[in-house]
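Asker: One file: input36.cif (mmCIF, C-alpha atoms and all ligand atoms).
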data_work
loop_
_atom_site.label_atom_id
_atom_site.label_comp_id
_atom_site.auth_asym_id
_atom_site.auth_seq_id
_atom_site.Cartn_x
_atom_site.Cartn_y
_atom_site.Cartn_z
CA MET K 1 0.00 0.00 0.00
CA LYS K 2 1.35 3.41 -0.98
CA TRP K 3 0.90 6.25 1.46
CA LYS K 4 2.19 9.77 1.85
CA ILE K 5 2.10 12.61 4.33
CA ARG K 6 0.62 16.01 3.59
CA GLN K 7 -0.71 18.98 5.50
CA GLU K 8 -4.33 19.05 6.62
CA GLN K 9 -6.64 20.73 4.12
CA ASP K 10 -10.30 21.77 4.09
CA GLY K 11 -12.56 18.75 4.29
CA ASP K 12 -10.11 16.70 6.37
CA GLU K 13 -11.73 17.65 9.69
CA THR K 14 -14.19 14.75 9.94
CA PRO K 15 -11.82 12.04 8.60
CA ILE K 16 -9.20 13.24 11.13
CA ALA K 17 -11.70 12.85 13.98
CA ASP K 18 -12.72 9.45 12.58
CA VAL K 19 -9.18 8.07 12.35
CA THR K 20 -8.39 9.39 15.83
CA ARG K 21 -11.50 7.72 17.27
CA ALA K 22 -10.68 4.44 15.54
CA ALA K 23 -7.05 4.47 16.68
CA PHE K 24 -7.88 5.07 20.35
CA ALA K 25 -10.98 2.86 20.50
CA GLY K 26 -10.73 0.32 23.31
CA LYS K 27 -7.31 1.49 24.51
CA ALA K 28 -7.05 1.29 28.28
CA TYR K 29 -5.08 4.56 28.40
CA ALA K 30 -7.56 6.51 26.23
CA ASP K 31 -9.63 9.27 27.80
CA GLY K 32 -12.36 8.84 25.21
CA ASN K 33 -12.16 12.43 23.96
CA GLU K 34 -9.05 12.15 21.78
CA ASP K 35 -11.12 12.46 18.60
CA GLU K 36 -12.29 15.92 19.70
CA LEU K 37 -8.82 17.27 20.36
CA PRO K 38 -7.76 18.15 16.79
CA ALA K 39 -10.96 20.19 16.30
CA LYS K 40 -10.61 21.87 19.69
CA LEU K 41 -7.02 22.84 18.94
CA ARG K 42 -8.07 24.06 15.47
CA ASP K 43 -10.91 26.16 16.91
CA ALA K 44 -8.58 27.61 19.54
CA GLY K 45 -6.06 28.63 16.88
CA ALA K 46 -3.57 26.29 18.54
CA LEU K 47 -3.09 23.75 15.77
CA VAL K 48 0.45 24.78 14.89
CA LEU K 49 0.74 21.85 12.49
CA SER K 50 -1.72 19.18 11.41
CA LEU K 51 -0.35 16.43 9.19
CA VAL K 52 -2.31 13.57 7.70
CA ALA K 53 -1.12 10.28 6.23
CA VAL K 54 -3.13 9.36 3.16
CA ALA K 55 -3.44 6.23 1.05
CA GLY K 56 -5.03 7.43 -2.16
CA LYS K 57 -7.68 9.83 -0.85
CA LYS K 58 -8.25 8.02 2.43
CA ILE K 59 -6.88 9.52 5.63
CA ILE K 60 -5.19 6.71 7.56
CA GLY K 61 -3.20 8.69 10.10
CA HIS K 62 -2.84 12.07 11.77
CA VAL K 63 -0.56 14.05 14.04
CA ALA K 64 -1.10 17.42 15.72
CA LEU K 65 1.48 19.91 16.96
CA SER K 66 0.44 22.59 19.47
CA PRO K 67 2.06 25.06 21.87
CA ALA K 68 3.19 23.95 25.31
CA LYS K 69 5.29 25.43 28.07
CA VAL K 70 8.11 23.93 30.09
CA GLY K 71 8.49 26.22 33.05
CA ASP K 72 8.43 29.68 31.46
CA ALA K 73 9.90 28.49 28.17
CA LYS K 74 7.86 28.09 24.99
CA TRP K 75 7.88 24.53 23.74
CA LEU K 76 5.64 22.47 21.48
CA THR K 77 3.78 19.23 22.04
CA ILE K 78 2.85 16.40 19.72
CA GLY K 79 -0.52 14.75 20.09
CA PRO K 80 -2.79 13.15 19.52
CA VAL K 81 -1.02 10.78 17.11
CA SER K 82 -3.28 8.28 15.39
CA VAL K 83 -2.93 5.57 12.81
CA GLY K 84 -5.99 3.58 11.75
CA PRO K 85 -6.03 0.05 13.22
CA ASP K 86 -5.69 -1.57 9.78
CA HIS K 87 -2.57 0.44 9.02
CA GLN K 88 -0.56 0.26 12.23
CA GLY K 89 2.90 -1.24 12.41
CA LYS K 90 3.94 -0.05 8.94
CA GLY K 91 6.02 2.93 9.98
CA ILE K 92 3.29 5.53 9.45
CA GLY K 93 3.09 6.70 13.07
CA SER K 94 6.87 7.03 13.26
CA ALA K 95 6.94 9.02 10.02
CA LEU K 96 4.19 11.38 11.25
CA VAL K 97 6.02 12.03 14.53
CA ASN K 98 9.39 12.46 12.81
CA HIS K 99 7.90 14.99 10.38
CA ALA K 100 6.24 16.90 13.21
CA VAL K 101 9.53 17.03 15.14
CA ALA K 102 11.36 18.27 12.04
CA VAL K 103 8.84 21.08 11.58
CA ALA K 104 8.94 21.87 15.29
CA GLN K 105 12.69 22.32 15.04
CA ALA K 106 12.15 25.19 12.61
CA TYR K 107 9.94 27.09 15.08
CA GLY K 108 12.77 28.17 17.33
CA ARG K 109 11.13 26.81 20.47
CA GLY K 110 12.76 24.97 23.36
CA GLY K 111 11.81 21.56 22.01
CA VAL K 112 9.00 19.06 21.87
CA VAL K 113 7.51 17.57 25.01
CA LEU K 114 4.76 14.97 25.21
CA THR K 115 3.01 12.36 27.27
CA GLY K 116 3.12 8.93 25.69
CA ASP K 117 4.42 5.41 25.70
CA PRO K 118 8.23 5.43 26.10
CA ALA K 119 8.39 2.18 24.08
CA PHE K 120 7.13 4.03 21.03
CA TYR K 121 8.56 7.54 21.49
CA GLY K 122 11.92 6.41 22.90
CA ARG K 123 12.85 4.93 19.55
CA LEU K 124 12.08 8.25 17.90
CA GLY K 125 14.56 10.15 20.05
CA PHE K 126 12.33 11.24 22.93
CA VAL K 127 13.97 11.03 26.33
CA HIS K 128 12.33 10.82 29.72
CA SER K 129 13.52 13.34 32.31
CA ASP K 130 12.92 13.16 36.03
CA ALA K 131 13.18 16.97 35.96
CA LEU K 132 9.90 17.20 34.03
CA THR K 133 6.61 17.33 35.89
CA HIS K 134 3.01 17.82 34.85
CA GLN K 135 0.72 19.53 37.33
CA GLY K 136 3.57 19.13 39.80
CA LYS K 137 3.93 15.38 39.38
CA PRO K 138 6.65 13.42 37.57
CA SER K 139 5.63 10.66 35.17
CA ARG K 140 7.55 8.06 33.22
CA HIS K 141 5.33 8.99 30.27
CA LEU K 142 6.67 12.56 30.13
CA GLN K 143 9.31 12.69 27.41
CA ALA K 144 11.07 15.39 25.46
CA ILE K 145 13.42 16.28 22.65
CA ALA K 146 15.19 19.50 23.66
CA PHE K 147 16.35 21.87 20.90
CA ASP K 148 17.49 24.66 23.17
CA GLY K 149 18.28 24.24 26.84
CA GLU K 150 17.15 21.42 29.08
CA ALA K 151 13.85 19.68 29.58
CA THR K 152 13.41 20.90 33.13
CA GLY K 153 10.27 22.21 34.77
CA ASP K 154 6.54 21.82 34.97
CA VAL K 155 4.88 21.14 31.62
CA GLU K 156 1.77 23.04 30.65
CA PHE K 157 -0.19 21.74 27.68
CA HIS K 158 -2.91 23.71 25.89
CA PRO K 159 -6.03 23.89 28.10
CA VAL K 160 -8.05 21.75 25.64
CA PHE K 161 -6.04 18.75 26.85
CA ASN K 162 -7.45 19.24 30.35
CA GLU K 163 -11.11 19.49 29.32
C1 LIG W 1 0.99 4.64 18.43
C2 LIG W 1 0.69 4.68 16.94
C3 LIG W 1 0.45 6.13 16.50
C4 LIG W 1 1.93 4.16 16.22
O1 LIG W 1 1.68 4.19 14.83
P1 LIG W 1 2.18 3.00 13.91
O2 LIG W 1 2.04 3.43 12.50
O3 LIG W 1 1.51 1.74 14.33
O4 LIG W 1 3.70 3.00 14.34
P2 LIG W 1 4.95 2.44 13.58
O5 LIG W 1 4.55 1.41 12.57
O6 LIG W 1 5.75 3.57 13.12
O7 LIG W 1 5.58 1.73 14.83
C5 LIG W 1 6.90 1.65 15.05
C6 LIG W 1 7.11 0.61 16.11
O8 LIG W 1 6.53 0.98 17.34
C7 LIG W 1 5.74 -0.09 17.82
N1 LIG W 1 4.61 0.50 18.50
C8 LIG W 1 3.55 1.06 17.97
N2 LIG W 1 2.73 1.50 18.95
C9 LIG W 1 3.32 1.20 20.11
C10 LIG W 1 3.00 1.39 21.46
N3 LIG W 1 1.88 2.01 21.85
N4 LIG W 1 3.85 0.94 22.40
C11 LIG W 1 4.99 0.32 22.03
N5 LIG W 1 5.36 0.12 20.77
C12 LIG W 1 4.53 0.55 19.83
C13 LIG W 1 5.34 -0.89 16.63
O9 LIG W 1 5.10 -2.23 17.00
C14 LIG W 1 6.56 -0.75 15.76
O10 LIG W 1 7.54 -1.66 16.16
P3 LIG W 1 8.28 -2.59 15.11
O11 LIG W 1 8.85 -1.69 14.06
O12 LIG W 1 9.31 -3.29 15.95
O13 LIG W 1 7.22 -3.49 14.60
C15 LIG W 1 -0.50 3.79 16.54
O14 LIG W 1 -0.22 2.47 16.92
C16 LIG W 1 -1.80 4.24 17.12
O15 LIG W 1 -2.54 5.01 16.53
N6 LIG W 1 -2.14 3.71 18.32
C17 LIG W 1 -3.38 4.06 18.97
C18 LIG W 1 -3.39 5.51 19.40
C19 LIG W 1 -2.19 5.87 20.25
O16 LIG W 1 -1.82 5.14 21.15
N7 LIG W 1 -1.56 7.03 19.95
C20 LIG W 1 -0.40 7.50 20.64
C21 LIG W 1 -0.76 8.01 22.00
S1 LIG W 1 0.64 8.44 22.93
#
What do you get writing this file as structure tokens?
Ligand SMILES: CC(C)(COP(=O)(O)OP(=O)(O)OC[C@H]1O[C@@H](n2cnc3c(N)ncnc32)[C@H](O)[C@@H]1OP(=O)(O)O)[C@@H](O)C(=O)NCCC(=O)NCCS

Answerer:
Amino acid sequence: MKWKIRQEQDGDETPIADVTRAAFAGKAYADGNEDELPAKLRDAGALVLSLVAVAGKKIIGHVALSPAKVGDAKWLTIGPVSVGPDHQGKGIGSALVNHAVAVAQAYGRGGVVLTGDPAFYGRLGFVHSDALTHQGKPSRHLQAIAFDGEATGDVEFHPVFNE
């Protein structure tokens, strides 16, 4: 199956929500609202980057990049990341994250921080730091790629992630 990555365009909104819902369906760690997050970020003007993976015209994956803070420093976060269940394990999720990190690097921010499975993100260069906290608490799921300075401090994601 051939697939490629392109930027979100008009008309992608519903397929992005659909692929996100399908990817997270039944996952023990899912909050159940992941499919709403791309639209909420878009509506808030916080969707810094929205990439889709497409096979033909079908959207089979998505990644969002949005602003975050580490302490007082401006960083970016990646998420949600979704690949449709029929298309997982083919390198699409890794490619989406790698592209988002590459774009993030051009934004002149401190780096990219996220909450996710270290088994997946660790292989893409994300590193856990005990110096990172979220709402005052450390977590093994907090990981970062620092572009400038160190990943140290409390992480603040866009408020839509707390809704
Ligand atoms: C996580 C996700 C985006 C990865 O996309 P993908 O296209 O399947 O990923 P890739 O094919 O690039 O995977 C690369 C490797 O990571 C592994 N991997 C995928 N998801 C993983 C996970 N959650 N934990 C550990 N390893 C994982 C794959 O098995 C693969 O390993 P392999 O090359 O040895 O076979 C996708 O599985 C997905 O949508 N999952 C449900 C939603 C989700 O969990 N999103 C991320 C939230 S943090």

Asker: Identify, counting all atoms listed in the file, the protein, DNA and RNA residues located within 6 Å of ligand LIG 1 (chain W), and give them as a short mmCIF file (atom, residue, chain, number, x, y, z; two decimals) with C-alpha atoms, keeping the file's coordinate frame.

Answerer:
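The resulting file, selection_33.cif, is shown below:
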data_model
loop_
_atom_site.label_atom_id
_atom_site.label_comp_id
_atom_site.auth_asym_id
_atom_site.auth_seq_id
_atom_site.Cartn_x
_atom_site.Cartn_y
_atom_site.Cartn_z
CA ALA K 23 -7.05 4.47 16.68
CA PHE K 24 -7.88 5.07 20.35
CA VAL K 81 -1.02 10.78 17.11
CA SER K 82 -3.28 8.28 15.39
CA VAL K 83 -2.93 5.57 12.81
CA GLN K 88 -0.56 0.26 12.23
CA GLY K 89 2.90 -1.24 12.41
CA LYS K 90 3.94 -0.05 8.94
CA GLY K 91 6.02 2.93 9.98
CA ILE K 92 3.29 5.53 9.45
CA GLY K 93 3.09 6.70 13.07
CA SER K 94 6.87 7.03 13.26
CA GLY K 116 3.12 8.93 25.69
CA ASP K 117 4.42 5.41 25.70
CA ALA K 119 8.39 2.18 24.08
CA PHE K 120 7.13 4.03 21.03
#

Asker: Between atom CA of K:Gln7 and atom CA of K:Ser50, measure the distance and give it in Å to one decimal.

Answerer: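 Taking atom CA of K:Gln7 as the start and atom CA of K:Ser50 as the end point, the length is 6.0 Å.
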
Asker: Here is a test: counting all atoms listed in the file, which residue of K:Asp43, K:Asp154, K:Glu8, K:Asp18 is nearest to K:Ala64?

Answerer: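 Of all the options, K:Glu8 lies closest to K:Ala64.
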
Asker: Taking into account only C-alpha atoms, which residue in the set K:Val113, K:Ala39, K:Ala104, K:Ile60 is nearest to K:Ala22?

Answerer: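 Among the listed residues, the smallest separation from K:Ala22 belongs to K:Ile60.
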
Asker: Counting all atoms listed in the file, which of K:Ala73, K:Val103, K:Ile145, K:Leu96 gets nearest to K:Leu51?

Answerer: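 Looking only at the distances to K:Leu51, the closest residue turns out to be K:Leu96.
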
Asker: Counting only C-alpha atoms, which residue out of K:Val97, K:Leu124, K:Ala30, K:Leu76 sits closest to K:Leu47?

Answerer: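 Among the listed residues, K:Leu76 lies closest to K:Leu47.
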
Asker: Taking all atoms listed in the file into account, name the residue in K:Val70, K:Ile59, K:Ala151, K:Leu114 that is nearest to K:Ile5.

Answerer: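 Smallest distance to K:Ile5 is found for K:Ile59.
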
Asker: To one decimal place in Å, what is the distance between atom CA of K:Pro159 and atom CA of K:Gly11?

Answerer: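 Going from atom CA of K:Pro159 over to atom CA of K:Gly11 covers 25.2 Å.
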
Asker: Between atom CA of K:Val63 and atom CA of K:Gly153, measure the distance and give it in Å to one decimal.

Answerer: 24.8 Å

Asker: For stretch 126-130 of chain K, find every residue with an atom within 7 Å (counting all atoms listed in the file), except residues of its own chain fewer than 2 positions away, and show them as a ChimeraX atom specification.

Answerer: /K:121-122,124,132,138,140,142-145,151

Asker: Between K:Lys2, K:Ala106, K:Ala95, K:Ala17, which has the minimum distance to K:Arg42 (counting all atoms listed in the file)?

Answerer: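 Among K:Lys2, K:Ala106, K:Ala95, K:Ala17, it is K:Ala17 that comes nearest to K:Arg42.
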
Asker: Keeping all heavy atoms (and nothing else), can you write stretch 94-110 of chain K of this structure as an mmCIF file, in the first residue's frame?

Answerer:
data_model
loop_
_atom_site.group_PDB
_atom_site.id
_atom_site.type_symbol
_atom_site.label_atom_id
_atom_site.label_comp_id
_atom_site.auth_asym_id
_atom_site.auth_seq_id
_atom_site.Cartn_x
_atom_site.Cartn_y
_atom_site.Cartn_z
ATOM 1 N N SER K 94 5.507 6.510 13.093
ATOM 2 C CA SER K 94 6.872 7.029 13.257
ATOM 3 C C SER K 94 7.134 8.157 12.277
ATOM 4 O O SER K 94 7.725 9.186 12.641
ATOM 5 C CB SER K 94 7.900 5.917 13.024
ATOM 6 O OG SER K 94 7.703 4.873 13.936
ATOM 7 N N ALA K 95 6.701 7.979 11.031
ATOM 8 C CA ALA K 95 6.938 9.016 10.015
ATOM 9 C C ALA K 95 6.192 10.304 10.376
ATOM 10 O O ALA K 95 6.736 11.407 10.236
ATOM 11 C CB ALA K 95 6.505 8.515 8.645
ATOM 12 N N LEU K 96 4.963 10.177 10.862
ATOM 13 C CA LEU K 96 4.195 11.376 11.247
ATOM 14 C C LEU K 96 4.902 12.121 12.382
ATOM 15 O O LEU K 96 5.052 13.352 12.333
ATOM 16 C CB LEU K 96 2.775 10.973 11.679
ATOM 17 C CG LEU K 96 1.817 10.587 10.554
ATOM 18 C CD1 LEU K 96 0.581 9.872 11.123
ATOM 19 C CD2 LEU K 96 1.376 11.828 9.757
ATOM 20 N N VAL K 97 5.341 11.378 13.392
ATOM 21 C CA VAL K 97 6.017 12.028 14.530
ATOM 22 C C VAL K 97 7.339 12.651 14.078
ATOM 23 O O VAL K 97 7.647 13.798 14.429
ATOM 24 C CB VAL K 97 6.239 11.018 15.685
ATOM 25 C CG1 VAL K 97 7.127 11.637 16.778
ATOM 26 C CG2 VAL K 97 4.906 10.572 16.263
ATOM 27 N N ASN K 98 8.097 11.924 13.270
ATOM 28 C CA ASN K 98 9.386 12.465 12.813
ATOM 29 C C ASN K 98 9.198 13.747 11.995
ATOM 30 O O ASN K 98 9.971 14.703 12.125
ATOM 31 C CB ASN K 98 10.142 11.426 11.990
ATOM 32 C CG ASN K 98 10.736 10.329 12.853
ATOM 33 O OD1 ASN K 98 10.991 10.541 14.038
ATOM 34 N ND2 ASN K 98 10.943 9.160 12.287
ATOM 35 N N HIS K 99 8.173 13.774 11.146
ATOM 36 C CA HIS K 99 7.902 14.989 10.375
ATOM 37 C C HIS K 99 7.511 16.148 11.299
ATOM 38 O O HIS K 99 7.942 17.279 11.098
ATOM 39 C CB HIS K 99 6.775 14.750 9.361
ATOM 40 C CG HIS K 99 7.254 14.152 8.076
ATOM 41 N ND1 HIS K 99 7.720 12.862 7.984
ATOM 42 C CD2 HIS K 99 7.350 14.668 6.834
ATOM 43 C CE1 HIS K 99 8.085 12.611 6.739
ATOM 44 N NE2 HIS K 99 7.874 13.695 6.012
ATOM 45 N N ALA K 100 6.678 15.848 12.281
ATOM 46 C CA ALA K 100 6.245 16.905 13.209
ATOM 47 C C ALA K 100 7.439 17.449 13.995
ATOM 48 O O ALA K 100 7.551 18.662 14.215
ATOM 49 C CB ALA K 100 5.163 16.370 14.145
ATOM 50 N N VAL K 101 8.335 16.575 14.407
ATOM 51 C CA VAL K 101 9.533 17.027 15.142
ATOM 52 C C VAL K 101 10.396 17.901 14.234
ATOM 53 O O VAL K 101 10.903 18.952 14.656
ATOM 54 C CB VAL K 101 10.350 15.823 15.672
ATOM 55 C CG1 VAL K 101 11.707 16.282 16.206
ATOM 56 C CG2 VAL K 101 9.574 15.090 16.759
ATOM 57 N N ALA K 102 10.529 17.490 12.973
ATOM 58 C CA ALA K 102 11.362 18.274 12.044
ATOM 59 C C ALA K 102 10.785 19.670 11.842
ATOM 60 O O ALA K 102 11.524 20.658 11.827
ATOM 61 C CB ALA K 102 11.466 17.543 10.704
ATOM 62 N N VAL K 103 9.469 19.761 11.721
ATOM 63 C CA VAL K 103 8.841 21.080 11.578
ATOM 64 C C VAL K 103 9.004 21.871 12.871
ATOM 65 O O VAL K 103 9.337 23.061 12.849
ATOM 66 C CB VAL K 103 7.348 20.939 11.198
ATOM 67 C CG1 VAL K 103 6.641 22.288 11.259
ATOM 68 C CG2 VAL K 103 7.212 20.336 9.803
ATOM 69 N N ALA K 104 8.811 21.198 13.992
ATOM 70 C CA ALA K 104 8.936 21.874 15.293
ATOM 71 C C ALA K 104 10.311 22.511 15.439
ATOM 72 O O ALA K 104 10.455 23.596 15.995
ATOM 73 C CB ALA K 104 8.687 20.874 16.421
ATOM 74 N N GLN K 105 11.310 21.840 14.918
ATOM 75 C CA GLN K 105 12.686 22.323 15.043
ATOM 76 C C GLN K 105 12.858 23.682 14.366
ATOM 77 O O GLN K 105 13.705 24.470 14.760
ATOM 78 C CB GLN K 105 13.635 21.308 14.409
ATOM 79 C CG GLN K 105 14.940 21.210 15.119
ATOM 80 C CD GLN K 105 15.579 19.840 14.932
ATOM 81 O OE1 GLN K 105 15.031 18.961 14.258
ATOM 82 N NE2 GLN K 105 16.739 19.661 15.520
ATOM 83 N N ALA K 106 12.044 23.929 13.339
ATOM 84 C CA ALA K 106 12.153 25.193 12.608
ATOM 85 C C ALA K 106 11.451 26.344 13.325
ATOM 86 O O ALA K 106 11.574 27.494 12.908
ATOM 87 C CB ALA K 106 11.557 25.033 11.214
ATOM 88 N N TYR K 107 10.724 26.051 14.403
ATOM 89 C CA TYR K 107 9.941 27.091 15.076
ATOM 90 C C TYR K 107 10.726 27.866 16.131
ATOM 91 O O TYR K 107 10.191 28.801 16.717
ATOM 92 C CB TYR K 107 8.688 26.476 15.729
ATOM 93 C CG TYR K 107 7.522 26.426 14.775
ATOM 94 C CD1 TYR K 107 7.444 25.456 13.798
ATOM 95 C CD2 TYR K 107 6.503 27.379 14.838
ATOM 96 C CE1 TYR K 107 6.395 25.415 12.911
ATOM 97 C CE2 TYR K 107 5.445 27.340 13.948
ATOM 98 C CZ TYR K 107 5.396 26.361 12.991
ATOM 99 O OH TYR K 107 4.369 26.325 12.110
ATOM 100 N N GLY K 108 11.948 27.431 16.383
ATOM 101 C CA GLY K 108 12.766 28.172 17.335
ATOM 102 C C GLY K 108 12.259 28.103 18.757
ATOM 103 O O GLY K 108 12.453 29.030 19.542
ATOM 104 N N ARG K 109 11.601 27.005 19.096
ATOM 105 C CA ARG K 109 11.130 26.811 20.474
ATOM 106 C C ARG K 109 12.111 25.916 21.234
ATOM 107 O O ARG K 109 13.059 25.387 20.654
ATOM 108 C CB ARG K 109 9.730 26.180 20.464
ATOM 109 C CG ARG K 109 8.713 27.018 19.717
ATOM 110 C CD ARG K 109 8.437 28.306 20.488
ATOM 111 N NE ARG K 109 7.811 29.310 19.655
ATOM 112 C CZ ARG K 109 6.492 29.488 19.532
ATOM 113 N NH1 ARG K 109 5.673 28.711 20.176
ATOM 114 N NH2 ARG K 109 6.027 30.451 18.788
ATOM 115 N N GLY K 110 11.838 25.738 22.539
ATOM 116 C CA GLY K 110 12.765 24.967 23.357
ATOM 117 C C GLY K 110 12.893 23.524 22.936
ATOM 118 O O GLY K 110 13.946 22.906 23.075
#
